[in-house]
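Trainee: data_28.cif (mmCIF, C-alpha atoms) pasted underneath:
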```
data_input
#
loop_
_atom_site.label_atom_id
_atom_site.label_comp_id
_atom_site.auth_asym_id
_atom_site.auth_seq_id
_atom_site.Cartn_x
_atom_site.Cartn_y
_atom_site.Cartn_z
CA MET A 1 0.00 0.00 0.00
CA PRO A 2 1.21 3.55 -0.66
CA ASP A 3 2.15 5.53 2.43
CA ASP A 4 -0.27 8.01 4.00
CA GLU A 5 1.29 11.01 2.27
CA THR A 6 0.99 9.40 -1.17
CA ARG A 7 -2.61 8.35 -0.56
CA ALA A 8 -3.52 11.85 0.58
CA ARG A 9 -1.92 13.30 -2.55
CA MET A 10 -3.92 10.90 -4.75
CA VAL A 11 -7.34 11.93 -3.44
CA SER A 12 -7.86 14.89 -5.78
CA PRO A 13 -6.44 13.27 -8.95
CA LEU A 14 -8.52 10.14 -8.41
CA ALA A 15 -11.64 12.23 -7.83
CA ALA A 16 -10.94 13.99 -11.14
CA VAL A 17 -10.64 10.64 -12.92
CA GLU A 18 -13.94 9.46 -11.43
CA SER A 19 -15.70 12.67 -12.37
CA SER A 20 -14.41 12.77 -15.96
CA SER A 21 -15.41 9.15 -16.56
CA ARG A 22 -19.08 10.02 -16.11
CA GLY A 23 -21.14 10.96 -19.15
CA GLN A 24 -24.14 13.23 -19.38
CA GLU A 25 -27.23 11.37 -18.17
CA GLU A 26 -30.84 11.92 -19.18
CA ASP A 27 -34.01 10.47 -17.70
CA ALA A 28 -35.81 8.20 -20.14
CA VAL A 29 -39.16 9.53 -21.30
CA ALA A 30 -41.90 7.03 -20.41
CA THR A 31 -44.47 8.22 -22.98
CA TRP A 32 -44.29 10.62 -25.88
CA TRP A 33 -45.77 11.33 -29.28
CA THR A 34 -44.42 13.01 -32.38
CA THR A 35 -44.86 13.14 -36.15
CA ALA A 36 -42.31 11.85 -38.62
CA ASP A 37 -41.76 11.86 -42.38
CA LEU A 38 -41.31 8.16 -43.15
CA ARG A 39 -39.82 9.03 -46.52
CA ARG A 40 -36.84 10.41 -44.61
CA ILE A 41 -36.39 7.95 -41.76
CA ASP A 42 -37.20 4.29 -41.06
CA TRP A 43 -39.93 3.20 -38.66
CA LYS A 44 -37.42 1.81 -36.15
CA ILE A 45 -35.70 5.20 -35.89
CA ALA A 46 -38.95 7.17 -35.76
CA LEU A 47 -40.17 4.97 -32.90
CA ALA A 48 -36.90 5.02 -30.99
CA THR A 49 -36.87 8.63 -29.82
CA PRO A 50 -39.14 11.70 -29.77
CA GLU A 51 -36.26 13.69 -31.28
CA PRO A 52 -35.05 11.57 -34.20
CA GLU A 53 -33.41 14.60 -35.76
CA ARG A 54 -30.67 14.29 -33.13
CA LEU A 55 -29.64 11.06 -34.80
CA PHE A 56 -28.73 13.00 -37.92
CA ASP A 57 -26.32 15.42 -36.25
CA GLY A 58 -22.64 15.07 -37.07
CA VAL A 59 -20.70 13.18 -39.72
CA ALA A 60 -21.57 9.64 -40.77
CA LEU A 61 -18.84 7.10 -40.07
CA ALA A 62 -19.00 6.07 -43.74
CA ASP A 63 -18.08 9.65 -44.74
CA LEU A 64 -15.04 9.55 -42.46
CA ALA A 65 -13.85 6.22 -43.82
CA ILE A 66 -11.95 5.19 -46.91
CA GLU A 67 -13.64 1.81 -46.58
CA ILE A 68 -15.65 -0.31 -44.17
CA LYS A 69 -15.27 -4.04 -44.71
CA PRO A 70 -16.35 -7.17 -42.85
CA GLY A 71 -13.88 -9.86 -41.89
CA LYS A 72 -14.09 -13.37 -43.28
CA SER A 73 -14.90 -16.76 -41.86
CA PHE A 74 -11.93 -19.09 -41.59
CA ASP A 75 -11.22 -22.78 -41.13
CA ARG A 76 -10.69 -23.19 -37.40
CA ASN A 77 -8.87 -26.44 -38.03
CA ALA A 78 -6.21 -24.43 -39.85
CA THR A 79 -5.53 -22.12 -36.92
CA LEU A 80 -2.75 -22.30 -34.35
CA THR A 81 -3.46 -22.20 -30.63
CA ALA A 82 -0.24 -20.36 -29.76
CA PRO A 83 1.84 -17.59 -31.36
CA ALA A 84 4.33 -18.71 -34.00
CA ASP A 85 6.74 -17.09 -36.42
CA GLY A 86 4.85 -15.67 -39.37
CA ALA A 87 1.42 -16.22 -37.82
CA LEU A 88 -0.95 -13.31 -37.18
CA PRO A 89 -3.43 -13.06 -34.29
CA VAL A 90 -7.07 -13.61 -35.25
CA MET A 91 -9.32 -10.81 -34.03
CA THR A 92 -12.80 -12.04 -33.14
CA GLY A 93 -15.73 -10.39 -31.40
CA SER A 94 -14.68 -11.96 -28.11
CA ALA A 95 -11.16 -10.57 -28.52
CA LEU A 96 -12.61 -7.09 -29.04
CA ALA A 97 -14.60 -7.58 -25.83
CA GLY A 98 -11.33 -8.00 -23.93
CA ARG A 99 -11.01 -11.78 -23.84
CA PRO A 100 -7.60 -13.33 -24.64
CA ILE A 101 -6.70 -14.06 -28.25
CA THR A 102 -6.79 -17.82 -28.69
CA ARG A 103 -6.11 -18.31 -32.41
CA TRP A 104 -3.33 -17.41 -34.81
CA MET A 105 -3.11 -17.95 -38.57
CA ILE A 106 -0.65 -17.69 -41.42
CA GLU A 107 -1.83 -14.94 -43.76
CA THR A 108 -3.08 -16.08 -47.17
CA PRO A 109 -4.10 -14.11 -50.29
CA THR A 110 -7.76 -14.45 -49.24
CA SER A 111 -7.29 -13.38 -45.61
CA SER A 112 -9.07 -10.28 -44.35
CA VAL A 113 -6.25 -8.29 -42.78
CA ALA A 114 -6.21 -5.25 -40.52
CA VAL A 115 -3.14 -3.07 -40.07
CA ALA A 116 -2.03 -0.77 -37.29
CA GLY A 117 -4.37 2.21 -37.05
CA ASP A 118 -7.47 0.45 -38.40
CA LEU A 119 -10.63 0.80 -36.32
CA LEU A 120 -12.15 -2.60 -35.48
CA VAL A 121 -15.82 -2.82 -34.46
CA ALA A 122 -17.85 -5.85 -33.36
CA ALA A 123 -20.61 -6.83 -35.77
CA VAL A 124 -22.62 -8.82 -33.20
CA GLY A 125 -23.95 -7.63 -29.85
CA GLU A 126 -25.25 -4.43 -28.33
CA ARG A 127 -21.78 -3.03 -27.66
CA ALA A 128 -19.39 -1.95 -30.38
CA ASN A 129 -16.31 -2.96 -28.36
CA ALA A 130 -14.46 -0.71 -30.78
CA THR A 131 -10.68 -0.72 -30.64
CA VAL A 132 -7.81 0.66 -32.67
CA GLU A 133 -5.58 -2.12 -33.98
CA GLU A 134 -1.96 -1.83 -32.88
CA ASN A 135 -0.49 -4.60 -35.03
CA ARG A 136 -1.22 -6.46 -38.22
CA SER A 137 -3.94 -9.07 -37.66
CA ILE A 138 -6.50 -11.28 -39.40
CA ILE A 139 -10.13 -10.39 -38.70
CA ASP A 140 -13.03 -12.79 -38.31
CA SER A 141 -16.47 -12.42 -39.91
CA GLY A 142 -17.80 -11.05 -36.60
CA VAL A 143 -15.63 -7.95 -36.91
CA TYR A 144 -15.80 -4.91 -39.18
CA ARG A 145 -12.63 -3.13 -40.27
CA VAL A 146 -12.96 0.63 -40.66
CA ARG A 147 -10.08 2.40 -42.38
CA LEU A 148 -10.41 6.14 -41.82
CA ALA A 149 -9.26 8.83 -44.22
CA GLU A 150 -7.59 10.54 -41.25
CA PRO A 151 -6.02 7.76 -39.15
CA HIS A 152 -5.62 9.98 -36.08
CA MET A 153 -9.43 10.07 -35.79
CA ALA A 154 -9.60 6.33 -35.10
CA GLU A 155 -9.21 6.68 -31.33
CA VAL A 156 -11.81 9.46 -31.22
CA ALA A 157 -14.26 7.31 -33.19
CA ALA A 158 -13.56 4.30 -30.95
CA ALA A 159 -14.16 6.36 -27.79
CA PHE A 160 -17.48 7.61 -29.18
CA LEU A 161 -18.70 4.17 -30.31
CA ASN A 162 -17.83 2.71 -26.90
CA GLY A 163 -19.54 5.57 -25.04
CA GLN A 164 -23.16 6.05 -24.02
CA ALA A 165 -24.21 8.00 -27.13
CA GLY A 166 -22.60 5.52 -29.51
CA TYR A 167 -24.12 2.63 -27.58
CA GLY A 168 -27.59 4.17 -27.93
CA LEU A 169 -27.23 4.77 -31.65
CA ARG A 170 -25.99 1.25 -32.25
CA LYS A 171 -28.86 -0.23 -30.25
CA ILE A 172 -31.38 1.51 -32.50
CA LEU A 173 -29.76 0.02 -35.59
CA LEU A 174 -29.54 -3.58 -34.33
CA SER A 175 -31.62 -6.29 -35.99
CA GLY A 176 -32.08 -10.06 -35.77
CA VAL A 177 -32.69 -12.56 -32.97
CA ILE A 178 -28.98 -12.39 -32.26
CA PRO A 179 -28.46 -8.59 -32.22
CA ARG A 180 -26.30 -7.55 -35.15
CA VAL A 181 -25.52 -4.26 -36.84
CA SER A 182 -25.22 -4.38 -40.62
CA LEU A 183 -22.25 -2.89 -42.44
CA LYS A 184 -24.54 -0.30 -44.02
CA ASP A 185 -26.07 0.73 -40.70
CA LEU A 186 -22.66 0.96 -39.03
CA GLY A 187 -21.68 3.47 -41.69
CA LEU A 188 -24.82 5.50 -40.88
CA ILE A 189 -23.80 6.12 -37.26
CA ARG A 190 -23.05 9.81 -36.97
CA ILE A 191 -20.29 11.23 -34.82
CA PRO A 192 -21.04 14.76 -33.56
CA GLU A 193 -18.79 17.58 -34.76
CA SER A 194 -17.99 18.43 -31.13
CA VAL A 195 -16.59 14.94 -30.62
CA LEU A 196 -14.52 15.12 -33.80
CA ARG A 197 -13.09 18.44 -32.62
CA GLY A 198 -12.30 16.93 -29.24
CA ASP A 199 -14.64 19.28 -27.34
CA ALA A 200 -16.70 16.55 -25.70
CA TRP A 201 -14.00 14.41 -24.14
CA GLY A 202 -12.02 15.67 -21.17
CA GLY A 203 -9.86 12.64 -20.44
CA PRO A 204 -7.17 10.81 -22.35
CA LEU A 205 -8.26 8.42 -25.09
CA GLU A 206 -6.83 5.31 -23.43
CA PRO A 207 -8.09 2.40 -21.34
CA LEU A 208 -9.07 3.44 -17.82
CA ALA A 209 -6.80 0.75 -16.32
CA GLU A 210 -3.74 2.23 -18.07
CA TRP A 211 -4.75 5.75 -17.02
CA LEU A 212 -4.96 4.69 -13.38
CA GLU A 213 -1.69 2.74 -13.52
CA ARG A 214 0.14 5.81 -14.78
CA LEU A 215 -1.50 8.06 -12.22
CA LEU A 216 -0.86 5.77 -9.24
CA TRP A 217 2.71 4.71 -9.96
CA ASN A 218 4.21 7.68 -11.77
CA LYS A 219 6.31 9.60 -9.26
#
```
Would you kindly transcribe this structure into structure tokens?
Mentor:
Amino acid sequence: MPDDETRARMVSPLAAVESSSRGQEEDAVATWWTTADLRRIDWKIALATPEPERLFDGVALADLAIEIKPGKSFDRNATLTAPADGALPVMTGSALAGRPITRWMIETPTSSVAVAGDLLVAAVGERANATVEENRSIIDSGVYRVRLAEPHMAEVAAAFLNGQAGYGLRKILLSGVIPRVSLKDLGLIRIPESVLRGDAWGGPLEPLAEWLERLLWNK
């Protein structure tokens, strides 16, 4: 345990971390009515919120990207269960969710490959579990690869998709018994201009665990 002096010094910085990790919260509206032009928006969007116009604020992810592509299914019998020379890690939806990588593959001409700086987003589930790839990898069919025109925006986009607003937008666009967002609908998710400018995020764009490690152990 840190000594008393160190713990006392950490009180204010830790309080700042806790405060900045909270997003703006709104009470859900139990009942509401509105009118909507169904030539402009789908039923599922019109029924999702009394202010559907808010869903059209900002820049669509598709407009920020050079391309958005799905990964590919692969023969699991051809994978390795441990790292090996020349083999690339296989990024699956579970890996994006923070579980350990359990498969590696030798790249082939038909492999779907992500490179450092690509934004990876889960195709299945309510959460995007978006992450910025740090190394070259092979991506599974449960993962979308988003290559942005401005690579430095990848971390901003990941932070938004993983946040409360991005979570809400994704949830509206989900379909199927097993919730899934289509490639087209993923591209329709709009990122507010304020987020793209960096106005709406006060903390560093890094995992909370790494932020706390640096804060607690950096003299």
Trainee: In Å, how far is it from atom CA of Leu88 of chain A to atom CA of Val143 of chain A?
Mentor: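 That distance, rounded to one decimal, is 15.6 Å.
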Trainee: Looking at A:Val177, A:Ala158, A:Val90, A:Ile189, which one is nearest to Asn135 of chain A, with distances taken over all atoms listed in the file?
Mentor: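 Among the listed residues, the smallest separation from Asn135 of chain A belongs to A:Val90.
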Trainee: Specify as a ChimeraX atom specification each residue included when the PyMOL selection byres ((chain A and resi 108-116) around 10) is applied to this file.
Mentor: /A:69-74,88,90-91,105-107,117-120,132-141,144-147,151
Trainee: In Å, with one decimal, what is the gap from atom CA of Glu213 of chain A to atom CA of Arg9 of chain A?
Mentor: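 That distance, rounded to one decimal, is 15.2 Å.
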Trainee: Would you mind reading off the distance between atom CA of Arg40 of chain A and atom CA of Leu186 of chain A, one decimal, in Å?
Mentor: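 So the two atoms, atom CA of Arg40 of chain A and atom CA of Leu186 of chain A, lie 17.9 Å apart.
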Trainee: Take the PyMOL selection byres ((chain A and resi 217) around 12), run it mentally on this structure, and tell me the resulting residues as an MDAnalysis selection string.
Mentor: chainID A and resid 1:2 6:7 10 210:216 218:219
Trainee: Taking into account all atoms listed in the file, which residue in the set A:Ala97, A:Ala65, A:Ala82, A:Arg76 is nearest to Ala157 of chain A?
Mentor: A:Ala65
Trainee: Can you spell out as JSON, numbers by chain the set of residues that the PyMOL selection byres ((chain A and resi 167) around 12) selects in the structure I just provided?
Mentor: {"A": [125, 126, 127, 128, 129, 130, 158, 159, 160, 161, 162, 163, 164, 165, 166, 168, 169, 170, 171, 172, 173, 174, 181, 186, 189, 190, 191]}
Trainee: Go through A:Lys44, A:Arg39, A:His152, A:Arg99 one by one, measure the shortest atom-to-atom distance of each to Gly198 of chain A using all atoms listed in the file, and give the residue with the smallest value.
Mentor: A:His152
Trainee: Could you check which of A:Leu80, A:Ala36, A:Ser175, A:Gly58 is closest to Leu196 of chain A, using all atoms listed in the file?
Mentor: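 The shortest atom-to-atom distance to Leu196 of chain A comes from A:Gly58.
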Trainee: In terms of the shortest atom-to-atom distance over only C-alpha atoms, which of A:Ile45, A:Ala62, A:Ala123, A:Ala149 is closest to Ser182 of chain A?
Mentor: A:Ala123
Trainee: Using the incomplete input, complete segment 148-159 of chain A to the level of all heavy atoms; output as a compact mmCIF listing (two decimals), keeping the file's coordinate frame.
Mentor:
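The resulting file, out_30.txt, is shown below:
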```txt
# COMPACT_ATOMS: atom_id res chain seq x y z
N LEU A 148 -10.02 4.73 -41.75
CA LEU A 148 -10.41 6.14 -41.82
C LEU A 148 -9.49 6.93 -42.73
O LEU A 148 -8.29 6.64 -42.85
CB LEU A 148 -10.40 6.75 -40.42
CG LEU A 148 -11.41 6.13 -39.43
CD1 LEU A 148 -11.21 6.69 -38.04
CD2 LEU A 148 -12.84 6.39 -39.90
N ALA A 149 -10.06 7.97 -43.35
CA ALA A 149 -9.26 8.83 -44.22
C ALA A 149 -8.21 9.57 -43.40
O ALA A 149 -7.11 9.84 -43.90
CB ALA A 149 -10.17 9.82 -44.94
N GLU A 150 -8.54 9.90 -42.16
CA GLU A 150 -7.59 10.54 -41.25
C GLU A 150 -7.34 9.58 -40.10
O GLU A 150 -8.13 9.51 -39.16
CB GLU A 150 -8.13 11.87 -40.74
CG GLU A 150 -8.41 12.89 -41.83
CD GLU A 150 -8.90 14.21 -41.26
OE1 GLU A 150 -8.28 14.72 -40.31
OE2 GLU A 150 -9.92 14.71 -41.77
N PRO A 151 -6.25 8.81 -40.14
CA PRO A 151 -6.02 7.76 -39.15
C PRO A 151 -6.02 8.24 -37.71
O PRO A 151 -6.41 7.48 -36.81
CB PRO A 151 -4.63 7.22 -39.54
CG PRO A 151 -4.51 7.52 -41.01
CD PRO A 151 -5.21 8.84 -41.17
N HIS A 152 -5.66 9.50 -37.47
CA HIS A 152 -5.62 9.98 -36.08
C HIS A 152 -7.02 10.09 -35.47
O HIS A 152 -7.15 10.23 -34.25
CB HIS A 152 -4.92 11.35 -36.01
CG HIS A 152 -5.70 12.47 -36.64
ND1 HIS A 152 -5.69 12.71 -38.00
CD2 HIS A 152 -6.53 13.39 -36.09
CE1 HIS A 152 -6.46 13.74 -38.26
NE2 HIS A 152 -6.99 14.18 -37.13
N MET A 153 -8.07 10.00 -36.32
CA MET A 153 -9.43 10.07 -35.79
C MET A 153 -9.93 8.72 -35.29
O MET A 153 -11.02 8.62 -34.73
CB MET A 153 -10.38 10.57 -36.89
CG MET A 153 -10.08 11.97 -37.41
SD MET A 153 -10.07 13.21 -36.08
CE MET A 153 -11.74 13.08 -35.48
N ALA A 154 -9.14 7.66 -35.47
CA ALA A 154 -9.60 6.33 -35.10
C ALA A 154 -9.88 6.23 -33.61
O ALA A 154 -10.89 5.65 -33.19
CB ALA A 154 -8.57 5.28 -35.52
N GLU A 155 -9.01 6.77 -32.77
CA GLU A 155 -9.21 6.68 -31.33
C GLU A 155 -10.42 7.51 -30.89
O GLU A 155 -11.14 7.12 -29.97
CB GLU A 155 -7.95 7.11 -30.58
CG GLU A 155 -6.80 6.13 -30.74
CD GLU A 155 -5.79 6.24 -29.62
OE1 GLU A 155 -6.06 6.98 -28.64
OE2 GLU A 155 -4.75 5.58 -29.72
N VAL A 156 -10.64 8.64 -31.54
CA VAL A 156 -11.81 9.46 -31.22
C VAL A 156 -13.08 8.70 -31.58
O VAL A 156 -14.04 8.65 -30.80
CB VAL A 156 -11.75 10.80 -31.99
CG1 VAL A 156 -13.03 11.60 -31.78
CG2 VAL A 156 -10.55 11.61 -31.55
N ALA A 157 -13.09 8.08 -32.76
CA ALA A 157 -14.26 7.31 -33.19
C ALA A 157 -14.50 6.12 -32.26
O ALA A 157 -15.65 5.83 -31.90
CB ALA A 157 -14.07 6.83 -34.63
N ALA A 158 -13.43 5.44 -31.85
CA ALA A 158 -13.56 4.30 -30.95
C ALA A 158 -14.15 4.73 -29.61
O ALA A 158 -15.03 4.08 -29.05
CB ALA A 158 -12.21 3.62 -30.74
N ALA A 159 -13.65 5.86 -29.07
CA ALA A 159 -14.16 6.36 -27.79
C ALA A 159 -15.64 6.69 -27.88
O ALA A 159 -16.41 6.42 -26.96
CB ALA A 159 -13.35 7.59 -27.36
```
